[in-house]
Amino acid sequence: MKISINQRKRYTQNIAFWIFRLLSFMVVAILFIILCFLIYNGIKVISWDFLTQMPEDGMTKGGIYPAIIGTLCLIAGSMVFAFPVGVLSAIYMNEYASDGWIKKLLNQMTSNLAGIPSIVFGLFGMALFVNKFGFGDSILAGSLTLGLMVLPVIIRTTEEALKAVNDTFRHASLALGSSKWQTTRRVVLPMAFPNIITGVILSIGRVSGETAPILFTVAAYFLPRLPHGIFDQVMALPYHLYVIITSGTNIEESRPIAYGTALVLITIVLIMNLIANAFRRYFGKKVKMN
Amino acid sequence: MHKIETKEINLHYGNFHALKGINLVAKENTVTALIGPSGCGKSTYLRLFNRMNDLIDNVEISGQVLVDGEDIYGRKVQVDDLRKKVGMVFQKPNPFPKSIYENVAYGLRVNGINDKKFIEERVVSSLEQAALWEEVKDKLNKSAFELSGGQQQRLCIARALAVQPSVLLMDEPASALDPLSTSKIEELIHTLKKDYTIIIVTHNMQQAGRVSDYTAFFYMGTLVEFNETKIIFTNPKNIQTQNYITGRFG
């Protein structure tokens, strides 16, 4: 039987699309499997006490309260630093810098910064913030280190967000006698803001999950109390997880706590994403309606 | 003194010679239409008057552009001040993602005016001048995006008028609109002429004939012919002008 060229085209297309479809479903499936795995193994230990109590008995009992608070502190601290610096740099690079070697250099450096392994950030943070600036192992040093690490993410997404704002709006504003800064602040930024939040979402995911940058700059092995200020150490969920997995002597008792900790970590990231998304939608609507 | 005058204007985009020695004058309270095929330089020429060409890298300009006798490329001139005096309406309606009211108030706010009552009066009078007031007076706080394309364009005109310019530049203001909206814009140009000096770029020859007092025909960066509109359309001196307006090319 002879297949016509048109039929063959259709078959090839169908096969290709099915492969693409399967691959894209696989992404969802992987996330789903990880979540199910964590929930299945970790849900047993989750309780109000687990979330609100200090760890006890060589971390085989009790809760993970200080690590949760620690991670929240680090998310907030790193964003306080990285958000304004990243957004302002992106504004400079996209709205002000004219095409030339300075802009090329800045772009190249941003990409290079993104390529630095997180453990190197940890080492650098220790050398600069902990030792040189004398912050010691502290929330401040850890937040700055994490902030540096996610700076490229925020710069890149902000740049994309600014580029997505059509030039006709800039021209309309400038033609009314407004300055470049007025145009940026009153017209461009409000329109770009929902997409800038995307960068924050991605950053929060990384900040809350990275272990290497906090290893030498802030994370405490065991510190069953809340921090007293930004110069205090804290426990943090990813490092706590690492500790429970590697140094426990009683695996039967510590393994469920590890899964529970992982589940809490993932849940925090998801909640942060939801909050950021709500922000995004709120500002998106405001831009349209205001 | 002419309201607007250019003397021996040459403009280069990098190596491209976009405007070649343009001399032109426009009297106060007249409408001048700039016509010509795509890429002839008419929009580039229009953007000289509020210095929008400054936003493009690698532009070199020589010659003089005078508004009220003052060289607007002179060193003392503040671009922001110039753009208050020379307003612009763009090809596609481009209202800001703000309310109708805030769109018109924008130009006042960025120029440091905070007096609520003053802003309100100016918003109302600008919308009236742009023949939009009756249609929007009950929904000033609604988003500008809820308006139709033609209404949005009139809103953009009101927005430009609010800062009280004396010159209005229009870059094909009706090319994205339907015939009915177009005729409204054309009527509007007619009434605005009393208070403003208008320069309009248009692709539409009938439109140039209907709205303008003077017409300048551009071709490949040169000003081929400039005269009263009725002479350009009935008795052009230049064969290229004649070919263009009779539709033989363009």
# chains A, B, ... in the order shown; residues from 1 in each chain; ligands from 1
>>> residues_around(residues="Ile155 of chain A", least_positions_apart="6", cutoff="9 Å", atoms="only C-alpha atoms", output="list of chain:residue names")
A:Phe83, A:Val85, A:Gly86, A:Val87, A:Leu88, A:Ser89, A:Ala90, A:Ile91, A:Thr110, A:Gly199
>>> residues_around(residues="Ile239 of chain B", least_positions_apart="2", cutoff="12 Å", atoms="only C-alpha atoms", output="list in words")
Phe217, Val224, Glu225, Ile232, Asn235, Pro236, Lys237, Thr241, Gln242, Asn243, Tyr244, Ile245, Thr246, Arg248 and Phe249 of chain B
>>> interface_residues(of="chain A", to="chain B", cutoff="12 Å", atoms="only C-alpha atoms", output="ChimeraX atom specification")
/A:95-100,165-192,283-290
>>> write_last_selection(atoms="N, CA and C atoms", output="tab-separated table (two decimals), in the first residue's frame")
chain	number	residue	atom	x	y	z
A	95	GLU	N	16.91	51.27	30.75
A	95	GLU	CA	16.30	52.56	30.44
A	95	GLU	C	17.34	53.65	30.19
A	96	TYR	N	18.48	53.56	30.84
A	96	TYR	CA	19.43	54.67	30.78
A	96	TYR	C	20.67	54.39	29.95
A	97	ALA	N	21.34	53.26	30.22
A	97	ALA	CA	22.61	53.01	29.55
A	97	ALA	C	22.40	52.94	28.05
A	98	SER	N	23.18	53.71	27.29
A	98	SER	CA	23.06	53.61	25.84
A	98	SER	C	23.92	52.44	25.37
A	99	ASP	N	23.56	51.92	24.20
A	99	ASP	CA	24.29	50.77	23.68
A	99	ASP	C	25.76	51.13	23.54
A	100	GLY	N	26.58	50.33	24.13
A	100	GLY	CA	28.01	50.61	24.06
A	100	GLY	C	28.75	49.62	24.94
A	165	VAL	N	7.54	46.32	28.00
A	165	VAL	CA	6.70	47.53	27.94
A	165	VAL	C	6.97	48.25	26.62
A	166	ASN	N	5.93	48.39	25.82
A	166	ASN	CA	6.09	48.96	24.49
A	166	ASN	C	6.61	50.40	24.54
A	167	ASP	N	7.53	50.70	23.64
A	167	ASP	CA	8.14	52.04	23.60
A	167	ASP	C	7.12	53.16	23.37
A	168	THR	N	5.98	52.84	22.76
A	168	THR	CA	5.01	53.90	22.48
A	168	THR	C	4.57	54.58	23.78
A	169	PHE	N	4.53	53.82	24.88
A	169	PHE	CA	4.14	54.43	26.16
A	169	PHE	C	5.23	55.38	26.66
A	170	ARG	N	6.49	54.97	26.48
A	170	ARG	CA	7.59	55.85	26.88
A	170	ARG	C	7.54	57.13	26.06
A	171	HIS	N	7.36	56.98	24.74
A	171	HIS	CA	7.34	58.15	23.87
A	171	HIS	C	6.19	59.09	24.22
A	172	ALA	N	5.03	58.49	24.49
A	172	ALA	CA	3.87	59.33	24.83
A	172	ALA	C	4.17	60.16	26.07
A	173	SER	N	4.81	59.52	27.05
A	173	SER	CA	5.11	60.23	28.29
A	173	SER	C	6.16	61.32	28.06
A	174	LEU	N	7.22	60.96	27.36
A	174	LEU	CA	8.29	61.94	27.11
A	174	LEU	C	7.77	63.13	26.31
A	175	ALA	N	6.88	62.85	25.36
A	175	ALA	CA	6.36	63.91	24.50
A	175	ALA	C	5.51	64.91	25.28
A	176	LEU	N	5.13	64.56	26.52
A	176	LEU	CA	4.36	65.49	27.34
A	176	LEU	C	5.27	66.32	28.24
A	177	GLY	N	6.56	66.18	28.02
A	177	GLY	CA	7.49	67.00	28.80
A	177	GLY	C	7.92	66.35	30.10
A	178	SER	N	7.68	65.06	30.27
A	178	SER	CA	8.14	64.42	31.50
A	178	SER	C	9.58	63.97	31.32
A	179	SER	N	10.27	63.84	32.45
A	179	SER	CA	11.66	63.41	32.39
A	179	SER	C	11.70	61.89	32.24
A	180	LYS	N	12.89	61.40	31.98
A	180	LYS	CA	13.05	59.97	31.81
A	180	LYS	C	12.69	59.23	33.10
A	181	TRP	N	13.09	59.79	34.22
A	181	TRP	CA	12.81	59.15	35.50
A	181	TRP	C	11.31	59.15	35.78
A	182	GLN	N	10.63	60.27	35.50
A	182	GLN	CA	9.17	60.32	35.69
A	182	GLN	C	8.50	59.27	34.81
A	183	THR	N	8.99	59.18	33.58
A	183	THR	CA	8.43	58.19	32.66
A	183	THR	C	8.62	56.78	33.20
A	184	THR	N	9.83	56.51	33.69
A	184	THR	CA	10.12	55.19	34.22
A	184	THR	C	9.25	54.87	35.44
A	185	ARG	N	9.17	55.85	36.34
A	185	ARG	CA	8.49	55.60	37.61
A	185	ARG	C	6.96	55.55	37.45
A	186	ARG	N	6.42	56.46	36.64
A	186	ARG	CA	4.96	56.57	36.58
A	186	ARG	C	4.32	55.71	35.50
A	187	VAL	N	5.08	55.39	34.47
A	187	VAL	CA	4.47	54.63	33.37
A	187	VAL	C	5.09	53.24	33.21
A	188	VAL	N	6.42	53.19	33.10
A	188	VAL	CA	7.06	51.92	32.77
A	188	VAL	C	7.02	50.93	33.94
A	189	LEU	N	7.46	51.39	35.12
A	189	LEU	CA	7.52	50.46	36.26
A	189	LEU	C	6.16	49.86	36.62
A	190	PRO	N	5.09	50.67	36.72
A	190	PRO	CA	3.80	50.04	37.04
A	190	PRO	C	3.40	48.97	36.03
A	191	MET	N	3.74	49.20	34.76
A	191	MET	CA	3.37	48.20	33.76
A	191	MET	C	4.25	46.96	33.86
A	192	ALA	N	5.50	47.16	34.26
A	192	ALA	CA	6.43	46.03	34.32
A	192	ALA	C	6.34	45.26	35.63
A	283	PHE	N	-1.41	43.77	41.27
A	283	PHE	CA	-0.82	44.91	40.57
A	283	PHE	C	-1.16	44.89	39.09
A	284	GLY	N	-1.27	43.68	38.54
A	284	GLY	CA	-1.68	43.56	37.13
A	284	GLY	C	-3.04	44.19	36.93
A	285	LYS	N	-3.94	43.94	37.87
A	285	LYS	CA	-5.29	44.49	37.77
A	285	LYS	C	-5.26	46.00	37.96
A	286	LYS	N	-4.44	46.44	38.93
A	286	LYS	CA	-4.36	47.86	39.22
A	286	LYS	C	-3.86	48.62	37.99
A	287	VAL	N	-2.88	48.04	37.31
A	287	VAL	CA	-2.35	48.69	36.12
A	287	VAL	C	-3.44	48.84	35.07
A	288	LYS	N	-4.27	47.81	34.95
A	288	LYS	CA	-5.31	47.88	33.93
A	288	LYS	C	-6.43	48.83	34.30
A	289	MET	N	-6.79	48.82	35.59
A	289	MET	CA	-7.99	49.54	35.98
A	289	MET	C	-7.72	50.99	36.40
A	290	ASN	N	-6.55	51.22	36.96
A	290	ASN	CA	-6.31	52.53	37.59
A	290	ASN	C	-6.36	53.68	36.58
>>> residues_around(residues="His240 of chain A", least_positions_apart="2", cutoff="12 Å", atoms="only C-alpha atoms", output="ChimeraX atom specification")
/A:55,58-60,63-68,70-71,209-211,214-215,219-224,234-238,242-248,254,257-262,264-265
>>> write_last_selection(atoms="N, CA and C atoms", output="tab-separated table (two decimals), in the first residue's frame")
chain	number	residue	atom	x	y	z
A	55	PRO	N	13.92	21.80	68.41
A	55	PRO	CA	14.40	20.40	68.28
A	55	PRO	C	14.95	19.89	69.61
A	58	GLY	N	19.16	15.50	70.32
A	58	GLY	CA	20.03	15.32	69.15
A	58	GLY	C	19.25	15.36	67.86
A	59	MET	N	18.21	16.21	67.87
A	59	MET	CA	17.38	16.44	66.69
A	59	MET	C	16.61	15.22	66.23
A	60	THR	N	16.39	14.27	67.09
A	60	THR	CA	15.56	13.13	66.72
A	60	THR	C	14.14	13.32	67.21
A	63	GLY	N	10.60	19.81	67.35
A	63	GLY	CA	10.19	20.42	66.10
A	63	GLY	C	11.32	21.09	65.35
A	64	ILE	N	10.93	21.90	64.38
A	64	ILE	CA	11.92	22.57	63.56
A	64	ILE	C	11.64	24.08	63.54
A	65	TYR	N	10.96	24.56	64.58
A	65	TYR	CA	10.55	25.97	64.63
A	65	TYR	C	11.70	26.95	64.31
A	66	PRO	N	12.86	26.81	64.98
A	66	PRO	CA	13.91	27.81	64.71
A	66	PRO	C	14.41	27.77	63.27
A	67	ALA	N	14.39	26.59	62.67
A	67	ALA	CA	14.85	26.51	61.28
A	67	ALA	C	13.86	27.19	60.34
A	68	ILE	N	12.56	27.05	60.64
A	68	ILE	CA	11.55	27.72	59.82
A	68	ILE	C	11.73	29.24	59.91
A	70	GLY	N	14.37	30.80	60.82
A	70	GLY	CA	15.65	31.16	60.20
A	70	GLY	C	15.53	31.33	58.70
A	71	THR	N	14.88	30.35	58.06
A	71	THR	CA	14.72	30.44	56.61
A	71	THR	C	13.88	31.65	56.21
A	209	GLY	N	16.15	27.41	49.33
A	209	GLY	CA	16.62	26.05	49.14
A	209	GLY	C	18.12	25.86	49.19
A	210	GLU	N	18.90	26.91	48.94
A	210	GLU	CA	20.34	26.76	48.83
A	210	GLU	C	20.98	26.50	50.20
A	211	THR	N	21.91	25.57	50.23
A	211	THR	CA	22.61	25.25	51.46
A	211	THR	C	24.02	25.83	51.46
A	214	ILE	N	24.92	29.45	52.76
A	214	ILE	CA	24.67	29.77	54.17
A	214	ILE	C	25.56	28.96	55.10
A	215	LEU	N	26.20	27.95	54.52
A	215	LEU	CA	27.01	27.00	55.31
A	215	LEU	C	28.02	27.72	56.20
A	219	ALA	N	24.39	29.66	58.94
A	219	ALA	CA	23.64	28.51	59.44
A	219	ALA	C	24.24	27.92	60.71
A	220	ALA	N	23.38	27.70	61.69
A	220	ALA	CA	23.81	27.07	62.92
A	220	ALA	C	23.45	25.59	62.87
A	221	TYR	N	24.35	24.78	63.41
A	221	TYR	CA	24.12	23.33	63.43
A	221	TYR	C	22.96	23.01	64.36
A	222	PHE	N	23.04	23.58	65.55
A	222	PHE	CA	21.98	23.33	66.51
A	222	PHE	C	21.85	24.56	67.40
A	223	LEU	N	20.72	25.24	67.30
A	223	LEU	CA	20.55	26.49	68.05
A	223	LEU	C	19.08	26.60	68.43
A	224	PRO	N	18.68	25.91	69.51
A	224	PRO	CA	17.26	25.81	69.81
A	224	PRO	C	16.69	27.06	70.46
A	234	VAL	N	21.31	31.70	62.82
A	234	VAL	CA	20.03	30.98	62.87
A	234	VAL	C	20.22	29.58	62.30
A	235	MET	N	19.29	28.73	62.62
A	235	MET	CA	19.20	27.47	61.89
A	235	MET	C	18.42	27.77	60.62
A	236	ALA	N	18.61	26.93	59.59
A	236	ALA	CA	17.86	27.12	58.36
A	236	ALA	C	17.44	25.77	57.83
A	237	LEU	N	16.29	25.73	57.17
A	237	LEU	CA	15.72	24.44	56.78
A	237	LEU	C	16.64	23.58	55.90
A	238	PRO	N	17.23	24.12	54.82
A	238	PRO	CA	18.03	23.22	53.98
A	238	PRO	C	19.24	22.65	54.73
A	242	TYR	N	20.12	18.75	55.79
A	242	TYR	CA	21.42	18.12	55.53
A	242	TYR	C	21.97	17.49	56.80
A	243	VAL	N	21.87	18.24	57.89
A	243	VAL	CA	22.39	17.75	59.16
A	243	VAL	C	21.66	16.49	59.61
A	244	ILE	N	20.34	16.55	59.53
A	244	ILE	CA	19.56	15.39	59.98
A	244	ILE	C	19.89	14.16	59.13
A	245	ILE	N	20.05	14.37	57.83
A	245	ILE	CA	20.29	13.23	56.95
A	245	ILE	C	21.67	12.63	57.19
A	246	THR	N	22.67	13.49	57.38
A	246	THR	CA	24.04	12.97	57.39
A	246	THR	C	24.57	12.61	58.77
A	247	SER	N	24.15	13.33	59.80
A	247	SER	CA	24.85	13.10	61.06
A	247	SER	C	24.01	12.39	62.11
A	248	GLY	N	22.82	11.99	61.72
A	248	GLY	CA	22.00	11.29	62.70
A	248	GLY	C	22.58	9.92	63.01
A	254	SER	N	15.31	9.64	62.82
A	254	SER	CA	15.57	10.94	62.21
A	254	SER	C	15.06	11.03	60.77
A	257	ILE	N	11.74	12.75	60.30
A	257	ILE	CA	11.89	14.19	60.56
A	257	ILE	C	12.50	14.87	59.34
A	258	ALA	N	13.43	14.18	58.68
A	258	ALA	CA	14.04	14.75	57.47
A	258	ALA	C	12.97	14.97	56.39
A	259	TYR	N	12.13	13.94	56.19
A	259	TYR	CA	11.07	14.10	55.18
A	259	TYR	C	10.10	15.21	55.57
A	260	GLY	N	9.80	15.28	56.85
A	260	GLY	CA	8.90	16.33	57.33
A	260	GLY	C	9.50	17.71	57.09
A	261	THR	N	10.80	17.82	57.36
A	261	THR	CA	11.49	19.09	57.15
A	261	THR	C	11.45	19.48	55.67
A	262	ALA	N	11.72	18.50	54.81
A	262	ALA	CA	11.69	18.76	53.37
A	262	ALA	C	10.30	19.22	52.95
A	264	VAL	N	8.07	20.74	54.77
A	264	VAL	CA	7.85	22.11	55.24
A	264	VAL	C	8.56	23.11	54.32
A	265	LEU	N	9.80	22.76	53.94
A	265	LEU	CA	10.58	23.64	53.06
A	265	LEU	C	9.83	23.88	51.75
>>> atom_distance(atom1="atom CA of Gly63 of chain B", atom2="atom CA of Glu8 of chain B")
5.0 Å
>>> atom_distance(atom1="atom CA of Leu74 of chain A", atom2="atom CA of Ile197 of chain A")
18.1 Å
>>> residues_around(residues="Leu140 of chain A", least_positions_apart="3", cutoff="9 Å", atoms="only C-alpha atoms", output="number ranges by chain")
A: 74, 77-78, 129, 135-137, 143-145, 217-218, 230-232
>>> write_last_selection(atoms="N, CA and C atoms", output="mmCIF file, in the first residue's frame")
data_model
loop_
_atom_site.group_PDB
_atom_site.id
_atom_site.type_symbol
_atom_site.label_atom_id
_atom_site.label_comp_id
_atom_site.auth_asym_id
_atom_site.auth_seq_id
_atom_site.Cartn_x
_atom_site.Cartn_y
_atom_site.Cartn_z
ATOM 1 N N LEU A 74 16.030 34.637 56.343
ATOM 2 C CA LEU A 74 16.977 34.724 55.229
ATOM 3 C C LEU A 74 16.275 35.140 53.933
ATOM 4 N N GLY A 77 15.642 38.867 54.452
ATOM 5 C CA GLY A 77 16.901 39.620 54.435
ATOM 6 C C GLY A 77 17.498 39.724 53.044
ATOM 7 N N SER A 78 17.509 38.592 52.329
ATOM 8 C CA SER A 78 18.138 38.622 51.010
ATOM 9 C C SER A 78 17.314 39.463 50.039
ATOM 10 N N PHE A 129 31.937 39.159 54.175
ATOM 11 C CA PHE A 129 30.971 39.637 55.162
ATOM 12 C C PHE A 129 31.290 39.143 56.572
ATOM 13 N N PHE A 135 30.961 40.853 60.355
ATOM 14 C CA PHE A 135 29.576 40.582 60.740
ATOM 15 C C PHE A 135 29.460 39.272 61.506
ATOM 16 N N GLY A 136 30.494 38.431 61.419
ATOM 17 C CA GLY A 136 30.418 37.116 62.026
ATOM 18 C C GLY A 136 29.410 36.235 61.312
ATOM 19 N N ASP A 137 29.262 34.991 61.789
ATOM 20 C CA ASP A 137 28.184 34.151 61.266
ATOM 21 C C ASP A 137 26.888 34.799 61.696
ATOM 22 N N SER A 143 22.264 36.747 54.548
ATOM 23 C CA SER A 143 21.323 37.388 53.638
ATOM 24 C C SER A 143 22.061 38.075 52.493
ATOM 25 N N LEU A 144 23.159 38.743 52.827
ATOM 26 C CA LEU A 144 23.920 39.426 51.783
ATOM 27 C C LEU A 144 24.477 38.414 50.778
ATOM 28 N N THR A 145 24.991 37.296 51.297
ATOM 29 C CA THR A 145 25.534 36.275 50.408
ATOM 30 C C THR A 145 24.448 35.710 49.491
ATOM 31 N N THR A 217 28.231 31.158 56.471
ATOM 32 C CA THR A 217 27.925 32.563 56.715
ATOM 33 C C THR A 217 26.854 32.783 57.779
ATOM 34 N N VAL A 218 25.987 31.787 58.008
ATOM 35 C CA VAL A 218 24.908 32.033 58.957
ATOM 36 C C VAL A 218 24.405 30.773 59.663
ATOM 37 N N ILE A 230 19.904 40.848 63.756
ATOM 38 C CA ILE A 230 20.492 40.482 62.465
ATOM 39 C C ILE A 230 21.945 40.037 62.587
ATOM 40 N N PHE A 231 22.549 40.220 63.787
ATOM 41 C CA PHE A 231 23.923 39.749 63.937
ATOM 42 C C PHE A 231 23.982 38.384 64.601
ATOM 43 N N ASP A 232 22.824 37.762 64.727
ATOM 44 C CA ASP A 232 22.751 36.445 65.355
ATOM 45 C C ASP A 232 22.727 35.362 64.283
#
>>> residues_around(residues="Asn195 of chain A", least_positions_apart="6", cutoff="12 Å", atoms="only C-alpha atoms", output="VMD selection string")
chain A and resid 87 154 to 165 188 to 189 201 to 202 276 to 277 279 to 281 283 to 284
>>> write_last_selection(atoms="N, CA and C atoms", output="mmCIF file, in the first residue's frame")
data_model
loop_
_atom_site.group_PDB
_atom_site.id
_atom_site.type_symbol
_atom_site.label_atom_id
_atom_site.label_comp_id
_atom_site.auth_asym_id
_atom_site.auth_seq_id
_atom_site.Cartn_x
_atom_site.Cartn_y
_atom_site.Cartn_z
ATOM 1 N N VAL A 87 16.559 45.543 40.872
ATOM 2 C CA VAL A 87 15.601 46.300 40.056
ATOM 3 C C VAL A 87 16.230 47.598 39.567
ATOM 4 N N ILE A 154 17.130 38.438 39.498
ATOM 5 C CA ILE A 154 16.249 39.603 39.589
ATOM 6 C C ILE A 154 16.562 40.600 38.481
ATOM 7 N N ILE A 155 17.847 40.803 38.213
ATOM 8 C CA ILE A 155 18.222 41.743 37.140
ATOM 9 C C ILE A 155 17.664 41.267 35.799
ATOM 10 N N ARG A 156 17.855 39.999 35.502
ATOM 11 C CA ARG A 156 17.417 39.478 34.204
ATOM 12 C C ARG A 156 15.902 39.560 34.037
ATOM 13 N N THR A 157 15.162 39.096 35.055
ATOM 14 C CA THR A 157 13.703 39.111 34.900
ATOM 15 C C THR A 157 13.183 40.541 34.855
ATOM 16 N N THR A 158 13.812 41.436 35.622
ATOM 17 C CA THR A 158 13.371 42.835 35.574
ATOM 18 C C THR A 158 13.641 43.433 34.201
ATOM 19 N N GLU A 159 14.809 43.128 33.658
ATOM 20 C CA GLU A 159 15.127 43.621 32.316
ATOM 21 C C GLU A 159 14.092 43.154 31.294
ATOM 22 N N GLU A 160 13.769 41.850 31.376
ATOM 23 C CA GLU A 160 12.766 41.321 30.448
ATOM 24 C C GLU A 160 11.432 42.032 30.635
ATOM 25 N N ALA A 161 11.080 42.260 31.905
ATOM 26 C CA ALA A 161 9.809 42.920 32.207
ATOM 27 C C ALA A 161 9.794 44.331 31.625
ATOM 28 N N LEU A 162 10.916 45.038 31.729
ATOM 29 C CA LEU A 162 10.977 46.408 31.214
ATOM 30 C C LEU A 162 10.934 46.408 29.694
ATOM 31 N N LYS A 163 11.619 45.431 29.095
ATOM 32 C CA LYS A 163 11.635 45.344 27.632
ATOM 33 C C LYS A 163 10.239 45.078 27.086
ATOM 34 N N ALA A 164 9.428 44.374 27.882
ATOM 35 C CA ALA A 164 8.083 44.021 27.418
ATOM 36 C C ALA A 164 7.146 45.226 27.367
ATOM 37 N N VAL A 165 7.541 46.322 27.997
ATOM 38 C CA VAL A 165 6.701 47.531 27.938
ATOM 39 C C VAL A 165 6.973 48.246 26.624
ATOM 40 N N VAL A 188 6.419 53.195 33.105
ATOM 41 C CA VAL A 188 7.062 51.918 32.772
ATOM 42 C C VAL A 188 7.021 50.931 33.943
ATOM 43 N N LEU A 189 7.456 51.392 35.120
ATOM 44 C CA LEU A 189 7.517 50.463 36.259
ATOM 45 C C LEU A 189 6.156 49.857 36.624
ATOM 46 N N ILE A 201 9.767 35.636 42.716
ATOM 47 C CA ILE A 201 9.328 34.262 42.979
ATOM 48 C C ILE A 201 10.481 33.282 42.767
ATOM 49 N N LEU A 202 11.156 33.415 41.628
ATOM 50 C CA LEU A 202 12.273 32.518 41.337
ATOM 51 C C LEU A 202 13.359 32.653 42.393
ATOM 52 N N ALA A 276 3.353 35.789 46.173
ATOM 53 C CA ALA A 276 3.910 36.619 45.098
ATOM 54 C C ALA A 276 2.950 36.688 43.919
ATOM 55 N N ASN A 277 2.322 35.541 43.617
ATOM 56 C CA ASN A 277 1.367 35.515 42.507
ATOM 57 C C ASN A 277 0.156 36.390 42.772
ATOM 58 N N PHE A 279 0.164 39.071 44.629
ATOM 59 C CA PHE A 279 0.706 40.414 44.410
ATOM 60 C C PHE A 279 0.662 40.766 42.939
ATOM 61 N N ARG A 280 1.165 39.823 42.151
ATOM 62 C CA ARG A 280 1.287 39.994 40.720
ATOM 63 C C ARG A 280 -0.078 40.264 40.103
ATOM 64 N N ARG A 281 -1.047 39.477 40.541
ATOM 65 C CA ARG A 281 -2.385 39.649 39.983
ATOM 66 C C ARG A 281 -2.982 40.986 40.427
ATOM 67 N N PHE A 283 -1.409 43.773 41.268
ATOM 68 C CA PHE A 283 -0.819 44.912 40.574
ATOM 69 C C PHE A 283 -1.164 44.890 39.094
ATOM 70 N N GLY A 284 -1.272 43.677 38.540
ATOM 71 C CA GLY A 284 -1.678 43.561 37.134
ATOM 72 C C GLY A 284 -3.039 44.195 36.929
#
>>> select_by_dssp(residues="segment 5-235 of chain B", states="strand (DSSP E or B)", output="PyMOL selection string")
chain B and resi 5-13+16-26+31-35+59-67+70-71+86-89+99+143+167-171+197-201+214-219+222-228
>>> residues_around(residues="Val25 of chain B", least_positions_apart="5", cutoff="8 Å", atoms="only C-alpha atoms", output="number ranges by chain")
B: 2-6
>>> select_by_dssp(residues="segment 176-277 of chain A", states="helix (DSSP H, G or I)", output="ChimeraX atom specification")
/A:180-209,212-215,237-247,251-277
>>> atom_distance(atom1="atom CA of Phe226 of chain B", atom2="atom CA of Leu34 of chain B")
9.2 Å
